[in-house]
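What follows is the content of model.txt, which has compact mmCIF, C-alpha atoms:
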# COMPACT_ATOMS: atom_id res chain seq x y z
CA MET A 1 107.85 99.10 39.91
CA GLN A 2 111.07 97.34 40.84
CA GLN A 3 113.52 99.69 42.56
CA GLU A 4 116.59 97.50 41.96
CA LYS A 5 115.85 97.21 38.25
CA ILE A 6 115.33 100.97 37.98
CA GLY A 7 118.54 101.57 39.98
CA ASN A 8 120.60 99.36 37.68
CA PHE A 9 119.11 101.13 34.66
CA ILE A 10 120.01 104.59 36.10
CA ALA A 11 123.61 103.40 36.65
CA GLN A 12 123.73 101.94 33.12
CA CYS A 13 122.48 105.18 31.55
CA ARG A 14 124.81 107.32 33.68
CA LYS A 15 127.86 105.32 32.64
CA LYS A 16 126.70 105.43 29.01
CA LYS A 17 126.78 109.25 29.31
CA ASN A 18 130.30 109.00 30.88
CA LEU A 19 129.08 110.65 34.08
CA THR A 20 130.23 109.91 37.61
CA GLN A 21 127.75 109.87 40.46
CA SER A 22 129.14 113.20 41.66
CA GLN A 23 128.77 114.78 38.22
CA LEU A 24 125.18 113.60 37.85
CA ALA A 25 124.41 114.81 41.40
CA GLU A 26 125.88 118.23 40.56
CA LYS A 27 123.66 118.53 37.46
CA LEU A 28 120.61 117.73 39.56
CA ASN A 29 121.75 119.92 42.47
CA MET A 30 121.68 116.92 44.81
CA SER A 31 124.18 114.91 46.86
CA ASP A 32 126.02 111.93 45.37
CA LYS A 33 124.59 109.87 48.27
CA SER A 34 121.12 110.27 46.74
CA ILE A 35 122.41 108.95 43.37
CA SER A 36 124.00 106.00 45.17
CA LYS A 37 120.71 105.17 46.94
CA TRP A 38 118.85 105.14 43.61
CA GLU A 39 121.38 102.92 41.88
CA THR A 40 121.50 100.40 44.76
CA GLY A 41 117.72 100.16 44.89
CA LYS A 42 117.49 101.70 48.37
CA GLY A 43 115.50 104.68 47.15
CA MET A 44 113.61 106.16 44.22
CA PRO A 45 113.95 109.56 42.55
CA ASP A 46 111.22 111.94 43.64
CA SER A 47 108.61 112.68 40.98
CA SER A 48 109.68 116.34 41.01
CA ILE A 49 113.17 115.40 39.81
CA MET A 50 112.32 112.58 37.37
CA LEU A 51 111.96 114.71 34.25
CA GLU A 52 115.28 116.50 34.81
CA LEU A 53 117.00 113.16 35.56
CA CYS A 54 115.63 111.66 32.36
CA ASN A 55 116.91 114.65 30.33
CA CYS A 56 120.39 114.17 31.83
CA LEU A 57 120.37 110.43 31.03
CA GLY A 58 118.73 110.76 27.60
CA ILE A 59 115.77 108.55 28.37
CA SER A 60 112.01 108.97 28.72
CA VAL A 61 110.11 108.90 32.00
CA ASN A 62 108.41 105.66 30.87
CA GLU A 63 111.81 104.04 30.31
CA LEU A 64 112.98 105.21 33.72
CA LEU A 65 109.91 103.72 35.39
CA GLU A 66 110.29 100.44 33.45
CA GLY A 67 114.02 100.25 34.11
CA GLU A 68 114.84 99.49 30.45
CA TYR A 69 114.92 100.99 26.97
CA LEU A 70 111.57 100.74 25.16
CA GLY A 71 110.78 100.35 21.45
CA GLU A 72 108.00 102.34 19.79
CA GLU A 73 105.49 99.48 20.11
CA GLN A 74 106.21 98.98 23.79
CA TYR A 75 106.21 102.68 24.58
CA GLN A 76 102.44 103.31 24.55
CA GLU A 77 101.62 99.96 26.17
CA ARG A 78 104.06 100.50 29.05
CA ALA A 79 103.07 104.18 29.36
CA ASP A 80 99.52 103.16 30.30
CA GLU A 81 100.80 100.62 32.82
CA ASP A 82 103.16 103.15 34.37
CA ILE A 83 100.39 105.71 34.77
CA ILE A 84 98.25 103.11 36.55
CA ASN A 85 101.19 102.10 38.76
CA ILE A 86 101.97 105.72 39.62
CA VAL A 87 98.34 106.19 40.67
CA LYS A 88 98.32 102.96 42.69
CA GLU A 89 101.67 103.55 44.46
CA PRO A 90 100.47 106.36 46.80
CA VAL A 91 97.41 104.25 47.65
CA ARG A 92 99.65 101.29 48.60
CA ASN A 93 101.97 103.58 50.58
CA LYS A 94 99.00 105.13 52.34
CA LYS A 95 97.69 101.68 53.29
CA VAL A 96 101.10 100.67 54.67
CA LYS A 97 101.38 103.97 56.51
CA ASN A 98 97.87 103.61 57.95
CA LYS A 99 98.62 100.03 59.03
CA THR A 100 101.82 101.20 60.75
CA ILE A 101 99.93 103.96 62.57
CA VAL A 102 97.29 101.44 63.76
CA ILE A 103 100.02 99.11 65.08
CA MET A 104 101.81 101.96 66.89
CA ILE A 105 98.55 103.17 68.46
CA SER A 106 97.75 99.61 69.58
CA ILE A 107 101.19 99.27 71.20
CA ILE A 108 100.86 102.65 72.97
CA LEU A 109 97.37 101.78 74.23
CA GLY A 110 98.61 98.39 75.43
CA LEU A 111 101.47 100.00 77.37
CA LEU A 112 99.07 102.58 78.80
CA VAL A 113 96.69 99.87 80.01
CA VAL A 114 99.55 97.94 81.68
CA THR A 115 100.91 101.12 83.32
CA LEU A 116 97.48 102.16 84.61
CA SER A 117 96.90 98.63 85.91
CA ILE A 118 100.18 98.72 87.86
CA ILE A 119 99.37 102.18 89.28
CA PHE A 120 95.81 101.12 90.19
CA ASN A 121 97.02 97.96 91.95
CA SER A 122 99.66 99.86 93.91
CA LEU A 123 97.14 102.52 95.01
CA PHE A 124 94.09 100.38 95.70
CA LYS A 125 95.47 96.91 96.34
CA SER A 126 93.56 95.50 99.28
CA THR A 127 95.54 94.34 102.31
CA ASN A 128 94.64 90.95 103.76
CA TYR A 129 94.36 91.58 107.49
CA ILE A 130 94.16 88.64 109.91
CA THR A 131 92.90 88.46 113.51
CA ASP A 132 94.28 85.11 114.65
CA SER A 133 97.92 86.20 115.08
CA ASN A 134 97.78 89.00 117.66
CA TYR A 135 100.38 87.13 119.71
CA LEU A 136 102.92 88.42 117.17
CA TYR A 137 102.62 91.86 118.82
CA ASP A 138 104.05 90.41 122.05
CA ILE A 139 106.84 88.65 120.16
CA ALA A 140 107.75 91.99 118.54
CA VAL A 141 107.87 93.77 121.91
CA GLU A 142 110.03 91.03 123.43
CA HIS A 143 112.35 91.33 120.45
CA LEU A 144 112.93 95.04 121.21
CA LYS A 145 113.10 94.48 124.96
CA SER A 146 115.83 91.85 124.63
CA ARG A 147 117.97 94.31 122.67
CA TYR A 148 117.34 97.39 124.83
CA SER A 149 120.44 98.88 126.39
CA ASP A 150 121.40 102.30 127.69
CA SER A 151 123.97 103.98 129.92
CA TYR A 152 121.83 103.28 133.03
CA LYS A 153 121.74 99.49 132.64
CA ASN A 154 124.12 98.88 135.54
CA GLU A 155 122.20 101.11 137.94
CA GLU A 156 120.22 99.66 140.86
CA ASN A 157 117.00 97.87 139.90
CA TRP A 158 117.20 98.94 136.26
CA GLN A 159 114.13 97.86 134.34
CA VAL A 160 112.64 98.40 130.86
CA PHE A 161 108.92 98.85 130.26
CA TYR A 162 107.04 98.66 126.97
CA THR A 163 103.54 99.58 125.89
CA TYR A 164 102.20 99.43 122.37
CA LYS A 165 99.31 100.03 120.02
CA GLY A 166 98.73 97.37 117.37
CA PHE A 167 97.27 98.77 114.15
CA GLY A 168 96.87 95.43 112.38
CA ILE A 169 98.57 92.28 111.13
CA SER A 170 98.50 91.40 107.43
CA ASP A 171 99.32 88.21 105.53
CA ASP A 172 100.43 88.14 101.89
CA GLY A 173 100.65 84.34 101.75
CA LYS A 174 104.40 84.29 102.24
CA TYR A 175 105.04 86.65 105.16
CA LYS A 176 103.07 88.25 107.97
CA TYR A 177 103.49 91.93 108.86
CA ALA A 178 102.74 93.52 112.23
CA TYR A 179 102.17 97.29 112.26
CA MET A 180 102.70 98.93 115.67
CA CYS A 181 103.44 102.07 117.66
CA ILE A 182 105.72 101.16 120.58
CA LYS A 183 106.82 103.18 123.60
CA GLY A 184 109.84 102.00 125.57
CA GLU A 185 111.38 103.50 128.72
CA SER A 186 113.98 102.45 131.27
CA TYR A 187 113.84 103.23 134.99
CA TYR A 188 116.28 102.69 137.86
CA MET A 189 116.79 103.46 141.57
CA LYS A 190 119.36 105.92 142.81
CA ASP A 191 119.75 107.12 146.39
CA GLY A 192 116.31 105.76 147.19
CA ASN A 193 114.67 107.71 144.36
CA LEU A 194 113.05 106.37 141.20
CA CYS A 195 114.71 107.83 138.08
CA LEU A 196 113.84 107.72 134.41
CA GLY A 197 116.74 106.53 132.28
CA SER A 198 115.94 106.76 128.58
CA GLY A 199 112.98 106.23 126.33
CA SER A 200 111.43 106.60 122.88
CA VAL A 201 108.18 106.26 120.97
CA ASN A 202 108.28 104.96 117.39
CA SER A 203 106.13 103.27 114.76
CA TYR A 204 107.35 99.91 113.42
CA ARG A 205 106.73 97.25 110.83
CA PHE A 206 107.80 93.72 111.77
CA THR A 207 108.13 91.06 109.07
CA PHE A 208 107.47 87.48 110.25
CA LYS A 209 108.09 84.05 108.76
CA GLY A 210 106.01 81.86 111.01
CA ASN A 211 106.84 83.15 114.51
CA GLU A 212 110.34 84.28 113.57
CA ILE A 213 111.09 87.97 113.04
CA LEU A 214 112.92 88.46 109.74
CA LYS A 215 112.99 92.24 109.76
CA CYS A 216 112.26 95.10 112.16
CA GLU A 217 111.81 98.47 110.42
CA ARG A 218 111.23 101.79 112.18
CA VAL A 219 109.84 105.05 110.79
CA LYS A 220 112.70 107.46 110.15
CA ASP A 221 112.88 110.85 111.85
CA GLY A 222 112.88 114.30 110.28
CA ALA A 223 112.25 115.04 106.62
CA GLU A 224 112.28 111.34 105.66
CA SER A 225 109.43 110.36 108.01
CA GLY A 226 106.67 110.85 105.41
CA LYS A 227 108.44 108.76 102.80
CA SER A 228 109.25 106.14 105.43
CA ILE A 229 105.58 105.80 106.45
CA ARG A 230 104.52 105.37 102.81
CA GLU A 231 107.11 102.62 102.34
CA LEU A 232 106.32 100.70 105.52
CA PHE A 233 102.56 100.90 106.01
CA PRO A 234 99.50 100.08 103.87
CA ARG A 235 97.60 103.08 102.57
CA ASP A 236 94.56 102.43 104.80
CA LEU A 237 96.68 102.57 107.99
CA ARG A 238 98.81 105.65 107.31
CA LYS A 239 96.30 108.27 108.51
CA GLU A 240 95.58 106.34 111.73
CA ILE A 241 99.30 106.00 112.45
CA LEU A 242 99.98 109.68 111.80
CA GLU A 243 97.11 110.80 114.03
CA PHE A 244 97.66 108.32 116.85
CA ASP A 245 97.68 110.03 120.28
CA THR A 246 100.47 108.49 122.38
CA THR A 247 98.85 109.77 125.61
CA VAL A 248 97.23 106.34 125.94
CA LEU A 249 100.64 104.69 125.92
CA ASN A 250 101.94 107.16 128.52
CA GLN A 251 99.11 106.23 130.90
CA GLU A 252 99.63 102.49 130.43
CA GLN A 253 103.37 102.93 130.90
CA GLU A 254 102.95 104.81 134.17
CA LYS A 255 100.61 102.09 135.45
CA LYS A 256 103.20 99.38 134.71
CA VAL A 257 105.97 101.36 136.40
CA LYS A 258 103.84 101.89 139.52
CA GLU A 259 103.04 98.19 139.74
CA TYR A 260 106.68 97.16 139.41
CA TYR A 261 107.98 99.69 141.96
CA SER A 262 104.99 99.30 144.29
CA TYR A 263 107.31 98.69 147.26
CA LEU A 264 108.18 102.42 147.31
CA ASP A 265 106.57 104.36 150.17
CA SER A 266 105.58 107.09 147.75
CA PHE A 267 105.58 107.01 143.99
CA ASN A 268 106.49 110.31 142.44
CA ILE A 269 108.48 111.07 139.31
CA GLU A 270 109.39 114.71 139.19
CA TYR A 271 108.32 116.42 135.99
CA LYS A 272 110.20 119.26 134.33
CA TYR A 273 109.01 122.01 132.02
CA PHE A 274 110.22 124.21 129.19
CA ILE A 275 108.76 126.73 126.75
CA ARG A 276 109.09 127.06 122.98
CA THR A 277 107.52 129.82 120.87
CA TYR A 278 105.86 128.89 117.57
CA HIS A 279 103.99 130.85 114.92
CA ILE A 280 100.61 129.23 114.14
CA LEU A 281 100.23 129.28 110.35
CA ASN A 282 97.02 127.29 109.98
CA ILE A 283 94.26 125.79 112.14
CA ALA A 284 92.04 122.88 111.02
CA ASP A 285 89.45 120.67 112.73
CA SER A 286 90.09 116.96 113.23
CA ASN A 287 87.52 114.25 112.51
CA ASP A 288 87.04 113.36 116.18
CA GLY A 289 85.82 116.86 117.08
CA GLU A 290 88.03 116.93 120.18
CA HIS A 291 91.30 118.07 118.61
CA LEU A 292 92.68 120.67 116.23
CA TYR A 293 95.49 120.40 113.70
CA LEU A 294 97.95 123.26 114.11
CA THR A 295 100.54 124.01 111.44
CA ILE A 296 103.43 125.68 113.28
CA ARG A 297 106.89 127.07 112.62
CA GLN A 298 109.59 128.73 114.69
CA TYR A 299 110.70 132.25 113.73
CA GLN A 300 113.12 132.15 110.73
CA ALA A 301 113.06 128.33 110.70
CA GLU A 302 112.52 126.34 107.50
CA GLU A 303 110.88 123.38 109.22
CA ILE A 304 107.06 123.43 109.25
CA GLU A 305 105.16 120.86 111.27
CA THR A 306 101.47 119.97 111.70
CA ILE A 307 100.56 118.77 115.19
CA LYS A 308 97.36 117.44 116.77
CA VAL A 309 96.34 119.29 119.94
CA SER A 310 93.39 118.95 122.33
CA LYS A 311 90.80 121.72 121.98
CA LYS A 312 91.05 122.19 125.74
CA LEU A 313 94.45 123.84 125.14
CA THR A 314 93.43 125.93 122.14
CA ASN A 315 90.87 128.37 123.49
CA ASN A 316 90.66 131.51 121.28
CA ILE A 317 93.86 130.79 119.35
CA LYS A 318 94.16 132.45 115.94
CA GLU A 319 96.17 131.97 112.79
CA ASN A 320 99.26 134.06 111.95
CA LYS A 321 100.10 134.82 115.57
CA PRO A 322 102.97 133.68 117.85
CA TYR A 323 102.18 131.46 120.87
CA GLU A 324 104.19 130.08 123.76
CA PHE A 325 103.90 126.30 124.05
CA THR A 326 104.70 124.92 127.52
CA PHE A 327 105.96 121.32 127.51
CA GLN A 328 106.10 118.84 130.39
CA TYR A 329 108.66 116.02 130.38
CA LYS A 330 110.46 113.55 132.55
CA ASP A 331 114.21 113.54 133.07
CA LYS A 332 115.49 112.32 129.71
CA ASP A 333 117.74 113.46 126.86
CA PHE A 334 116.26 114.62 123.56
CA ASP A 335 116.62 117.41 121.01
CA ASP A 336 114.45 120.22 122.37
CA ASN A 337 114.93 122.35 119.24
CA ASN A 338 113.32 119.74 116.98
CA ILE A 339 109.52 119.73 117.16
CA LYS A 340 109.27 116.03 116.17
CA SER A 341 111.67 115.08 118.96
CA ILE A 342 109.85 117.28 121.45
CA LEU A 343 106.44 115.77 120.69
CA LYS A 344 107.82 112.25 121.11
CA ASN A 345 109.29 112.96 124.52
CA ALA A 346 107.22 115.77 126.04
CA THR A 347 103.57 116.75 126.46
CA ILE A 348 101.98 120.11 125.65
CA ILE A 349 100.22 121.43 128.77
CA SER A 350 99.42 124.99 127.68
CA ILE A 351 99.35 127.30 124.65
CA VAL A 352 99.36 131.05 125.37
CA GLU A 353 99.53 134.00 122.97
CA THR A 354 102.72 136.07 123.32
CA ASP A 355 103.83 139.56 122.29
CA LYS A 356 107.41 138.45 121.60
CA LEU A 357 108.81 139.92 118.40
CA GLY A 358 111.49 138.71 115.96
CA MET A 359 114.44 136.92 117.54
CA GLU A 360 112.79 137.11 120.97
CA GLN A 361 110.78 134.12 119.79
CA ARG A 362 113.97 132.07 119.43
CA GLN A 363 115.41 132.99 122.85
CA ASP A 364 113.35 130.71 125.07
CA PRO A 365 115.49 129.35 127.93
CA VAL A 366 117.21 125.99 127.48
CA ARG A 367 115.44 123.30 129.51

structure tokens encoding of this file:
Amino acid sequence: MQQEKIGNFIAQCRKKKNLTQSQLAEKLNMSDKSISKWETGKGMPDSSIMLELCNCLGISVNELLEGEYLGEEQYQERADEDIINIVKEPVRNKKVKNKTIVIMISIILGLLVVTLSIIFNSLFKSTNYITDSNYLYDIAVEHLKSRYSDSYKNEENWQVFYTYKGFGISDDGKYKYAYMCIKGESYYMKDGNLCLGSGSVNSYRFTFKGNEILKCERVKDGAESGKSIRELFPRDLRKEILEFDTTVLNQEQEKKVKEYYSYLDSFNIEYKYFIRTYHILNIADSNDGEHLYLTIRQYQAEEIETIKVSKKLTNNIKENKPYEFTFQYKDKDFDDNNIKSILKNATIISIVETDKLGMEQRQDPVR
């Protein structure tokens, strides 16, 4: 059945009846846009409306389907053909519809496979670690050391010391990446005494082209630290970096300082102490069997932090109770109300249960 031929025939019959498209549409209780679609061959009258349309135009259904007036001899012959065509049309439409559905499903499955492949590669892509470029660690440290500056730089015998832990060096064929935790501190002499100037401990990713550093990226502090670690470090290193105990770096640092200032009659850096009260929300064992993970929060504070603590300090501690944490530190400036800052710059030396209530837990003396 040719839609354009049928459309022209509908227009011809309508005009022969002196009807406008609007008038014919009104008789059929339809919009004139539907009549226009039929007459331009962009659509076909629904089978439920054909008989009424034919009555309005003064033609038979067979003539409508043929798109022309039929004589008596042609009427029966074309009637049989039209019946066959009417039966075949839904079958053809169903085949086209089924083919379209198959194509759409194939496209969706293709996109799903590509998406899953991208996700799989990003989650499980293996990192190519190399062992012949460990000298890049020293280049990275020298890079930081050459840029180190603080307000004590002009003091007597000012010196910067670095220690580090290298977690691995990877090579993607174009660049090399060094993953490190680095501790840096400055010391100086004043009135015959050794003084600590400033210091920090941070995790870094250095990007190398040959032996040249193209980029030095540090893990961000606070709420963005987790996202920062995910962006900078391969999946298989993240847990090790998060759990790394910087006590090793502290010991190495102290050894270097003692060697450099060995001319002093006595080597003694005075430590200072302060207390902060935290509510222990959860306690979990670590894999090494020597530490516990404590999830802690200050009274009425939003910030929750999970810290790794030696079992030697956690005798008989319980969940959902407040404890006083005593910290030891050297003479340096840091935010002692931020647990992340405290753990970078001070060491926990004791954890003791307290009977402090409410705001008493937030009134520990300023260090």

Using only C-alpha atoms, which of the listed residues (A:Asp236, A:Asp336, A:Glu26, A:Glu185) sits closest to A:Trp158?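 So, comparing all the options, the nearest one is A:Glu185.
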
Let me make sure I understand: among A:Ile169, A:Leu111, A:Ile296, A:Val102, which one has the smallest atom-to-atom distance to A:Asp132 if we use all atoms listed in the file?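 Using all atoms listed in the file, the shortest distance to A:Asp132 belongs to A:Ile169.
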
Put the listed atoms of stretch 329-341 of chain A in a box along x, y and z with 8 Å added on every side and give me the centre and edge lengths in Å to one decimal, as lines of an AutoDock Vina configuration file.
center_x = 113.2
center_y = 117.3
center_z = 124.6
size_x = 25.1
size_y = 26.0
size_z = 32.9

Please indicate the distance in Å from atom CA of A:Val257 to atom CA of A:Glu212, rounded to one decimal place.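 These atoms are spaced 28.8 Å apart.
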
Residue with smallest distance to A:Phe233 - pool A:Gln3, A:Ser60, A:Thr127, A:Gln298, counting only C-alpha atoms: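 Using only C-alpha atoms, A:Phe233 sits closest to A:Thr127.
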
Within 12 Å of (103.9, 106.1, 103.5) (file coordinates; all atoms listed in the file), which protein or nucleic acid residues are there? I'd like them as an MDAnalysis selection string. chainID A and resid 123 203 205 219:220 224:242

One number please: atom CA of A:Glu353 to atom CA of A:Lys321, in Å, one decimal. 7.5 Å

Residues near A:Gly197, anyone? I mean within 12 Å using all atoms listed in the file, not counting same-chain ones fewer than 3 positions away, as a VMD selection string. chain A and resid 148 to 161 184 to 190 194 200 269 330 to 334

Do you have the atom CA of A:Asn250-atom CA of A:Thr295 distance handy? 24.0 Å

How would you write as a list in words the residues that get within 12 Å of (114.9, 138.9, 115.8) in the file's frame, counting all atoms listed in the file? Gln298, Tyr299, Gln300, Ala301, Lys356, Leu357, Gly358, Met359, Glu360, Gln361, Arg362 and Gln363 of chain A

Which of these, A:Val309, A:Ile103, A:Ile213, A:Ile348, has the shortest distance to A:Asp288 once you count all atoms listed in the file? A:Val309

Which of A:Ile182, A:Ile342, A:Leu313, A:Ile351 sits closest to A:Phe325 [using only C-alpha atoms]: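 Of the candidates, the smallest distance to A:Phe325 is held by A:Ile351.
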
With a distance cut-off of 8 Å and only C-alpha atoms, select the neighbouring residues of A:Lys5, excluding the residue or stretch itself and same-chain residues fewer than 4 positions from it, and output the selection as number ranges by chain. A: 9, 41, 67

For the selection you just gave me, I'd like the residues written to a file as a PDB file, keeping the file's coordinate frame, keeping C-alpha atoms.
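Below you can see selection_34.pdb, which holds the result:
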ATOM      1  CA  PHE A   9     119.110 101.130  34.660  1.00  0.00           C
ATOM      2  CA  GLY A  41     117.720 100.160  44.890  1.00  0.00           C
ATOM      3  CA  GLY A  67     114.020 100.250  34.110  1.00  0.00           C
TER       4      GLY A  67
END

For A:Leu294, list every protein, DNA or RNA residue within 8 Å, evaluated using only C-alpha atoms, and leave out those in the same chain fewer than 4 positions away; present the list as a PyMOL selection string. chain A and resi 280-284+306-309

Mind checking which residues fall within 6 Å of A:Gly7, counting only C-alpha atoms, ignoring those fewer than 5 positions away in the same chain, and posting them as number ranges by chain? A: 38-41

Using all atoms listed in the file: which of A:Tyr273, A:Lys37, A:Leu24, A:Leu70 has the shortest distance to A:Glu4: A:Lys37

Could you model N, CA, C and O atoms for stretch 304-322 of chain A and present them as a compact mmCIF listing (two decimals), in the frame of the given file?
# COMPACT_ATOMS: atom_id res chain seq x y z
N ILE A 304 108.48 123.21 108.94
CA ILE A 304 107.06 123.43 109.25
C ILE A 304 106.48 122.09 109.68
O ILE A 304 106.74 121.06 109.06
N GLU A 305 105.71 122.10 110.75
CA GLU A 305 105.16 120.86 111.27
C GLU A 305 103.68 121.03 111.58
O GLU A 305 103.23 122.09 112.02
N THR A 306 102.89 119.98 111.33
CA THR A 306 101.47 119.97 111.70
C THR A 306 101.29 119.04 112.88
O THR A 306 101.68 117.87 112.82
N ILE A 307 100.72 119.56 113.98
CA ILE A 307 100.56 118.77 115.19
C ILE A 307 99.09 118.69 115.57
O ILE A 307 98.28 119.54 115.19
N LYS A 308 98.73 117.63 116.31
CA LYS A 308 97.36 117.44 116.77
C LYS A 308 97.29 117.80 118.25
O LYS A 308 98.02 117.25 119.07
N VAL A 309 96.41 118.75 118.59
CA VAL A 309 96.34 119.29 119.94
C VAL A 309 94.90 119.27 120.45
O VAL A 309 93.96 119.54 119.69
N SER A 310 94.73 118.96 121.73
CA SER A 310 93.39 118.95 122.33
C SER A 310 92.79 120.36 122.30
O SER A 310 93.48 121.36 122.54
N LYS A 311 91.49 120.43 122.02
CA LYS A 311 90.80 121.72 121.98
C LYS A 311 90.79 122.41 123.35
O LYS A 311 90.62 123.62 123.43
N LYS A 312 91.01 121.61 124.39
CA LYS A 312 91.05 122.19 125.74
C LYS A 312 92.22 123.16 125.89
O LYS A 312 92.20 124.04 126.75
N LEU A 313 93.26 122.98 125.05
CA LEU A 313 94.45 123.84 125.14
C LEU A 313 94.43 124.97 124.13
O LEU A 313 95.34 125.79 124.10
N THR A 314 93.39 125.01 123.29
CA THR A 314 93.43 125.93 122.14
C THR A 314 92.33 126.98 122.18
O THR A 314 91.82 127.40 121.15
N ASN A 315 91.96 127.40 123.36
CA ASN A 315 90.87 128.37 123.49
C ASN A 315 91.27 129.73 122.89
O ASN A 315 92.26 130.33 123.27
N ASN A 316 90.48 130.18 121.91
CA ASN A 316 90.66 131.51 121.28
C ASN A 316 91.99 131.68 120.53
O ASN A 316 92.44 132.81 120.32
N ILE A 317 92.63 130.61 120.14
CA ILE A 317 93.86 130.79 119.35
C ILE A 317 93.49 131.21 117.92
O ILE A 317 92.41 130.89 117.42
N LYS A 318 94.39 131.94 117.28
CA LYS A 318 94.16 132.45 115.94
C LYS A 318 95.36 132.18 115.05
O LYS A 318 96.49 132.01 115.53
N GLU A 319 95.10 132.18 113.77
CA GLU A 319 96.17 131.97 112.79
C GLU A 319 97.06 133.21 112.67
O GLU A 319 96.63 134.33 112.99
N ASN A 320 98.30 132.98 112.22
CA ASN A 320 99.26 134.06 111.95
C ASN A 320 99.62 134.87 113.20
O ASN A 320 99.83 136.09 113.13
N LYS A 321 99.68 134.18 114.33
CA LYS A 321 100.10 134.82 115.57
C LYS A 321 101.10 133.91 116.30
O LYS A 321 101.03 132.68 116.18
N PRO A 322 102.03 134.49 117.09
CA PRO A 322 102.97 133.68 117.85
C PRO A 322 102.37 133.24 119.19
O PRO A 322 101.65 134.01 119.84
